[in-house]
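The structure file target31.tsv is reproduced below (TSV, C-alpha atoms and all ligand atoms).
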chain	number	residue	atom	x	y	z
O	1	MET	CA	-3.72	12.58	-3.02
O	2	ASN	CA	-3.85	11.67	-6.71
O	3	PHE	CA	-3.27	8.12	-7.89
O	4	TYR	CA	-2.81	7.19	-11.55
O	5	ILE	CA	-2.84	3.51	-12.42
O	6	LEU	CA	-1.47	2.48	-15.82
O	7	THR	CA	-3.08	-0.86	-16.62
O	8	LEU	CA	-4.54	-3.16	-19.28
O	9	PHE	CA	-7.47	-3.87	-16.92
O	10	PRO	CA	-8.85	-0.50	-15.81
O	11	ASP	CA	-12.25	-1.94	-14.82
O	12	MET	CA	-10.68	-4.38	-12.40
O	13	VAL	CA	-8.86	-1.54	-10.64
O	14	SER	CA	-11.74	0.97	-10.61
O	15	GLN	CA	-14.25	-1.58	-9.41
O	16	GLY	CA	-11.92	-2.81	-6.70
O	17	LEU	CA	-11.15	0.66	-5.38
O	18	ASN	CA	-14.54	2.31	-5.81
O	19	THR	CA	-16.11	0.63	-2.81
O	20	SER	CA	-16.03	1.00	0.94
O	21	ILE	CA	-13.76	3.50	2.71
O	22	ILE	CA	-11.52	4.26	-0.26
O	23	GLY	CA	-14.47	4.79	-2.61
O	24	ARG	CA	-16.13	7.11	-0.11
O	25	ALA	CA	-12.90	9.09	0.39
O	26	ALA	CA	-12.66	9.49	-3.39
O	27	GLY	CA	-16.30	10.65	-3.42
O	28	ARG	CA	-15.44	13.25	-0.77
O	29	GLY	CA	-12.55	14.54	-2.89
O	30	LEU	CA	-9.79	13.43	-0.51
O	31	LEU	CA	-8.42	11.03	-3.11
O	32	SER	CA	-8.52	10.86	-6.85
O	33	ILE	CA	-8.02	7.45	-8.42
O	34	ARG	CA	-7.58	7.54	-12.20
O	35	THR	CA	-6.89	4.60	-14.44
O	36	VAL	CA	-5.08	4.94	-17.76
O	37	ASN	CA	-5.73	2.12	-20.21
O	38	ILE	CA	-2.40	1.22	-21.79
O	39	ARG	CA	-4.26	-0.36	-24.72
O	40	ASP	CA	-5.56	3.10	-25.69
O	41	TYR	CA	-1.94	3.87	-26.63
O	42	ALA	CA	-1.39	0.85	-28.86
O	43	PHE	CA	0.06	1.97	-32.17
O	44	ASN	CA	-1.28	-0.74	-34.50
O	45	LYS	CA	-4.73	-1.49	-35.85
O	46	HIS	CA	-5.14	-4.64	-33.75
O	47	GLN	CA	-4.53	-2.61	-30.58
O	48	SER	CA	-2.00	-5.16	-29.42
O	49	VAL	CA	0.54	-4.01	-26.86
O	50	ASP	CA	2.69	-7.15	-26.58
O	51	ASP	CA	5.33	-8.84	-28.70
O	52	TYR	CA	7.88	-11.67	-28.59
O	53	PRO	CA	11.04	-11.16	-26.55
O	54	TYR	CA	14.32	-10.79	-28.48
O	55	GLY	CA	16.58	-13.75	-27.82
O	56	GLY	CA	13.63	-16.08	-27.31
O	57	GLY	CA	12.03	-17.21	-24.10
O	58	ALA	CA	8.57	-18.03	-22.86
O	59	GLY	CA	5.60	-15.73	-23.35
O	60	MET	CA	5.16	-12.19	-24.57
O	61	LEU	CA	6.41	-8.83	-23.35
O	62	MET	CA	4.57	-5.53	-23.04
O	63	GLN	CA	6.13	-3.12	-25.54
O	64	ALA	CA	7.84	0.08	-24.51
O	65	GLU	CA	5.91	2.66	-26.57
O	66	PRO	CA	2.31	2.14	-25.36
O	67	VAL	CA	3.55	2.06	-21.76
O	68	TYR	CA	5.53	5.25	-22.33
O	69	LEU	CA	2.58	7.06	-23.93
O	70	ALA	CA	0.25	6.00	-21.09
O	71	TYR	CA	2.83	7.33	-18.62
O	72	GLU	CA	3.12	10.59	-20.59
O	73	ALA	CA	-0.66	11.06	-20.46
O	74	ALA	CA	-0.64	10.76	-16.65
O	75	ALA	CA	2.52	12.86	-16.28
O	76	ALA	CA	1.04	15.63	-18.48
O	77	GLU	CA	-2.04	15.81	-16.26
O	78	ILE	CA	0.14	16.01	-13.18
O	79	ARG	CA	2.27	18.77	-14.76
O	80	THR	CA	-0.84	20.80	-15.59
O	81	ARG	CA	-2.29	20.43	-12.10
O	82	ARG	CA	1.01	21.43	-10.50
O	83	GLN	CA	1.27	24.50	-12.72
O	84	GLU	CA	-2.31	25.50	-11.92
O	85	CYS	CA	-1.64	25.17	-8.19
O	86	GLY	CA	1.63	27.08	-8.49
O	87	GLU	CA	3.58	24.06	-7.30
O	88	GLN	CA	7.15	23.27	-8.22
O	89	GLU	CA	7.65	21.09	-11.34
O	90	LYS	CA	8.90	17.72	-10.29
O	91	LYS	CA	9.04	14.31	-11.98
O	92	PRO	CA	6.32	12.15	-10.39
O	93	ARG	CA	7.23	8.94	-8.63
O	94	VAL	CA	6.36	5.90	-10.72
O	95	VAL	CA	5.93	2.60	-8.91
O	96	TYR	CA	6.35	-0.52	-11.03
O	97	LEU	CA	4.72	-3.56	-9.40
O	98	SER	CA	7.05	-6.50	-9.76
O	99	PRO	CA	8.06	-9.56	-7.75
O	100	GLN	CA	11.65	-8.29	-8.24
O	101	GLY	CA	10.97	-5.09	-6.27
O	102	ALA	CA	11.61	-4.15	-2.65
O	103	VAL	CA	8.98	-5.79	-0.43
O	104	PHE	CA	6.17	-3.40	0.53
O	105	ASN	CA	5.67	-2.56	4.19
O	106	GLN	CA	4.06	0.06	6.42
O	107	ASN	CA	7.17	2.29	6.46
O	108	MET	CA	7.18	2.39	2.69
O	109	ALA	CA	3.46	3.24	2.70
O	110	GLU	CA	4.10	6.13	5.11
O	111	GLU	CA	6.89	7.46	2.94
O	112	LEU	CA	4.79	7.24	-0.27
O	113	ALA	CA	1.81	8.87	1.49
O	114	LYS	CA	3.83	12.12	1.62
O	115	GLU	CA	3.61	12.43	-2.19
O	116	LYS	CA	0.80	14.38	-3.79
O	117	ASP	CA	0.81	12.34	-7.02
O	118	LEU	CA	1.74	8.71	-7.54
O	119	ILE	CA	1.76	6.68	-10.74
O	120	PHE	CA	1.48	2.88	-10.58
O	121	LEU	CA	2.52	0.77	-13.55
O	122	CYS	CA	0.93	-2.68	-13.76
O	123	GLY	CA	2.72	-5.26	-15.88
O	124	HIS	CA	1.26	-8.35	-17.55
O	125	TYR	CA	2.45	-11.27	-19.64
O	126	GLU	CA	6.11	-11.95	-18.92
O	127	GLY	CA	6.90	-8.34	-18.06
O	128	ILE	CA	7.69	-5.04	-19.76
O	129	ASP	CA	10.48	-4.00	-22.16
O	130	GLU	CA	13.35	-2.98	-19.86
O	131	ARG	CA	14.09	0.27	-21.73
O	132	VAL	CA	10.84	1.98	-20.74
O	133	LEU	CA	11.27	0.81	-17.14
O	134	GLU	CA	14.72	2.44	-17.09
O	135	GLU	CA	13.25	5.65	-18.40
O	136	ILE	CA	10.18	6.17	-16.22
O	137	VAL	CA	10.23	3.95	-13.12
O	138	THR	CA	11.47	5.42	-9.82
O	139	ASP	CA	10.45	2.58	-7.45
O	140	GLN	CA	10.03	-1.16	-8.03
O	141	VAL	CA	7.81	-2.76	-5.40
O	142	SER	CA	6.69	-6.32	-4.66
O	143	ILE	CA	3.85	-7.13	-2.27
O	144	GLY	CA	5.41	-10.43	-1.24
O	145	ASP	CA	7.50	-13.36	-2.36
O	146	TYR	CA	5.00	-14.99	-4.69
O	147	VAL	CA	4.08	-14.39	-8.32
O	148	LEU	CA	0.71	-12.98	-9.42
O	149	THR	CA	-0.62	-12.81	-12.96
O	150	GLY	CA	-0.33	-9.02	-13.10
O	151	GLY	CA	0.36	-5.84	-11.16
O	152	GLU	CA	-3.29	-4.80	-10.64
O	153	LEU	CA	-3.89	-6.54	-7.30
O	154	PRO	CA	-0.54	-5.32	-5.90
O	155	ALA	CA	-1.36	-1.75	-7.06
O	156	MET	CA	-4.75	-1.99	-5.34
O	157	VAL	CA	-3.11	-3.27	-2.15
O	158	MET	CA	-0.71	-0.31	-2.20
O	159	VAL	CA	-3.36	2.31	-3.02
O	160	ASP	CA	-5.55	1.00	-0.18
O	161	THR	CA	-2.68	1.00	2.34
O	162	ILE	CA	-1.45	4.47	1.36
O	163	SER	CA	-4.96	5.98	1.14
O	164	ARG	CA	-5.88	5.16	4.70
O	165	LEU	CA	-2.86	7.22	5.83
O	166	VAL	CA	-4.18	10.32	4.05
O	167	PRO	CA	-5.64	12.68	6.70
O	168	GLY	CA	-9.44	12.50	6.81
O	169	VAL	CA	-9.80	9.18	4.99
O	170	LEU	CA	-10.35	7.21	8.20
O	171	HIS	CA	-12.31	10.04	9.92
O	172	ASN	CA	-10.32	9.26	13.01
O	173	ASP	CA	-6.57	9.88	12.69
O	174	VAL	CA	-5.92	8.06	15.96
O	175	SER	CA	-6.92	4.75	14.45
O	176	ALA	CA	-4.20	4.93	11.79
O	177	GLU	CA	-1.65	5.66	14.50
O	178	SER	CA	-2.45	3.04	17.13
O	179	GLU	CA	-2.48	-0.09	15.07
O	180	SER	CA	-0.35	-2.96	13.96
O	181	PHE	CA	3.19	-2.08	12.78
O	182	GLN	CA	3.20	1.20	14.65
O	183	ASP	CA	6.70	1.16	16.19
O	184	ASN	CA	7.07	-2.37	14.79
O	185	LEU	CA	4.55	-3.80	17.27
O	186	LEU	CA	1.37	-5.70	16.45
O	187	GLU	CA	-1.87	-4.31	17.84
O	188	HIS	CA	-3.25	-5.61	21.16
O	189	PRO	CA	-6.48	-7.72	21.13
O	190	GLN	CA	-9.76	-5.77	21.22
O	191	TYR	CA	-13.21	-6.49	22.65
O	192	SER	CA	-16.71	-5.04	22.32
O	193	ARG	CA	-20.09	-5.80	23.93
O	194	PRO	CA	-21.29	-8.10	25.45
O	195	GLU	CA	-18.96	-8.50	28.45
O	196	VAL	CA	-19.37	-12.27	28.32
O	197	TRP	CA	-19.67	-14.17	25.02
O	198	HIS	CA	-19.57	-17.98	24.75
O	199	GLY	CA	-18.43	-17.98	28.38
O	200	LYS	CA	-15.42	-15.76	27.60
O	201	ARG	CA	-15.05	-12.59	29.69
O	202	VAL	CA	-13.59	-9.32	28.47
O	203	PRO	CA	-10.30	-8.79	30.39
O	204	GLU	CA	-11.17	-7.11	33.70
O	205	VAL	CA	-8.70	-4.24	33.30
O	206	LEU	CA	-10.57	-2.95	30.23
O	207	LEU	CA	-13.74	-2.51	32.32
O	208	SER	CA	-11.88	-0.83	35.21
O	209	GLY	CA	-11.89	2.70	33.79
O	210	HIS	CA	-8.29	3.03	35.06
O	211	HIS	CA	-6.64	4.76	32.11
O	212	ALA	CA	-2.98	4.18	33.07
O	213	ASN	CA	-3.56	0.48	33.77
O	214	ILE	CA	-5.40	0.08	30.49
O	215	LEU	CA	-2.54	1.68	28.54
O	216	LYS	CA	-0.02	-0.56	30.35
O	217	TRP	CA	-2.10	-3.67	29.55
O	218	LYS	CA	-2.41	-2.70	25.87
O	219	ARG	CA	1.33	-2.15	25.55
O	220	GLU	CA	2.11	-5.50	27.26
O	221	GLN	CA	-0.36	-7.33	25.05
O	222	SER	CA	1.19	-5.75	21.95
O	223	ILE	CA	4.66	-6.85	23.01
O	224	LEU	CA	3.43	-10.35	23.88
O	225	ARG	CA	1.64	-10.78	20.54
O	226	THR	CA	4.61	-9.54	18.59
O	227	LYS	CA	6.92	-11.92	20.44
O	228	GLU	CA	4.61	-14.86	19.73
O	229	ARG	CA	3.61	-14.05	16.15
O	230	ARG	CA	6.35	-11.86	14.66
O	231	PRO	CA	9.57	-12.19	16.68
O	232	ASP	CA	11.43	-10.70	13.67
O	233	LEU	CA	9.58	-7.39	14.23
O	234	LEU	CA	10.34	-7.31	17.96
O	235	GLU	CA	14.06	-7.03	17.20
O	236	ARG	CA	13.39	-3.69	15.46
O	237	CYS	CA	11.12	-2.32	18.17
O	238	ALA	CA	12.17	0.35	20.70
O	239	LEU	CA	11.47	-1.37	24.06
O	240	THR	CA	12.37	0.18	27.41
O	241	GLU	CA	14.95	-1.61	29.59
O	242	GLN	CA	12.09	-2.63	31.88
O	243	GLU	CA	10.14	-4.12	28.99
O	244	LYS	CA	13.21	-5.99	27.76
O	245	ALA	CA	13.72	-7.48	31.23
O	246	TRP	CA	10.01	-8.40	31.41
O	247	ILE	CA	10.09	-10.18	28.08
O	248	GLU	CA	13.28	-12.04	29.00
O	249	GLU	CA	11.52	-13.41	32.09
O	250	MET	CA	8.62	-14.84	30.09
O	301	LIG	N1	3.45	-8.90	-10.14
O	301	LIG	C1	3.45	-10.24	-10.07
O	301	LIG	N2	3.69	-10.67	-8.84
O	301	LIG	C2	3.88	-9.57	-8.06
O	301	LIG	C3	4.18	-9.35	-6.70
O	301	LIG	N3	4.36	-10.34	-5.84
O	301	LIG	N4	4.30	-8.09	-6.27
O	301	LIG	C4	4.13	-7.06	-7.12
O	301	LIG	N5	3.86	-7.20	-8.43
O	301	LIG	C5	3.73	-8.44	-8.91
For this file, produce the structure as structure tokens.
Amino acid sequence: MNFYILTLFPDMVSQGLNTSIIGRAAGRGLLSIRTVNIRDYAFNKHQSVDDYPYGGGAGMLMQAEPVYLAYEAAAAEIRTRRQECGEQEKKPRVVYLSPQGAVFNQNMAEELAKEKDLIFLCGHYEGIDERVLEEIVTDQVSIGDYVLTGGELPAMVMVDTISRLVPGVLHNDVSAESESFQDNLLEHPQYSRPEVWHGKRVPEVLLSGHHANILKWKREQSILRTKERRPDLLERCALTEQEKAWIEEM
């Protein structure tokens, strides 16, 4: 999977994503994470990329042209790679990080993980000239209902979430499948050695070796947790009639 991040702060993004699991996956060639510095495409001698908004208003706006040229640089690389691999020409998806976008979730991550190339556009100041957004952006995404100073952290959140869905990144594909938000349920609690810690025992069923009982316990714990912590998710979860009756009784 190839990520391109258009940003005014390439070091922030590379340093943040070059560590741990994602950095190792990039080192193994499973992911490629490229930053494109929008400032490299400034068209004046001061290398400024912002200007005052027409009609007045607070702050500065990122101008259309440097953003467009940075996008073109990434898109050209993608075109070349697709041609070399004999793949069909197709306009890449461009995600603009904005508090006005659709709120990011696991389903969206799964859908985006099917793409081979993704471009992320990080805004700063008071935003970006609308005309370039109209021309290049395919998806506007927010990571939550709060306002950050720029799109870099949201882009990093998205790249991390999508990357761990790429086969091989986690080493163990089961762990990406049996975790929180799978089927709209939160994950059950987990325990490791020792059996007793601070006087607290690991639930007996987990030590029993009885596979069917363990699976039943995990499912019940997931349902219970979701009911307690995220009742909004439980409404979208496919429960059996028996499970629905069980939860009603609680
Ligand atoms: N830029 C500023 N705030 C943001 C948010 N909540 N999500 C995505 N991009 C942003």
Smallest atom-to-atom distance to Pro167 in chain O: which of O:Ala113, O:Ala42, O:Gln106, O:Val205, using all atoms listed in the file?
O:Ala113
Select, from O:Gly55, O:Pro92, O:Pro10, O:Pro99, the residue with the minimum atom-to-atom distance to ligand LIG 301 (chain O), counting all atoms listed in the file.
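Among the listed residues, O:Pro99 lies closest to ligand LIG 301 (chain O).
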Could I get the residue neighbourhood of ligand LIG 301 (chain O) at 6 Å, counting all atoms listed in the file, as a list in words?
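With all atoms listed in the file and a cut-off of 6 Å, ligand LIG 301 (chain O) is contacted by Leu97, Ser98, Pro99, Val141, Ser142, Ile143, Gly144, Asp145, Tyr146, Val147, Leu148, Thr149, Gly150, Gly151 and Pro154 of chain O.
With only C-alpha atoms as the atoms that count, the minimum distance from Arg39 in chain O to the choices O:Ser20, O:Gln63, O:Gln190, O:Asn2 is reached by O:Gln63.
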Take every atom of range 92-111 of chain O listed in the file, pad by 5 Å on each side, and give me the axis-aligned box centre and edge lengths in Å, one decimal, as JSON.
{"center_x": 7.6, "center_y": 1.3, "center_z": -2.3, "size_x": 18.2, "size_y": 31.7, "size_z": 27.5}
Around the point (0.4, -4.5, 28.7) (coordinates from the file), which residues reach within 12 Å if we count all atoms listed in the file? Answer as a VMD selection string.
chain O and resid 187 to 189 203 205 to 206 212 to 225 243 246 to 247
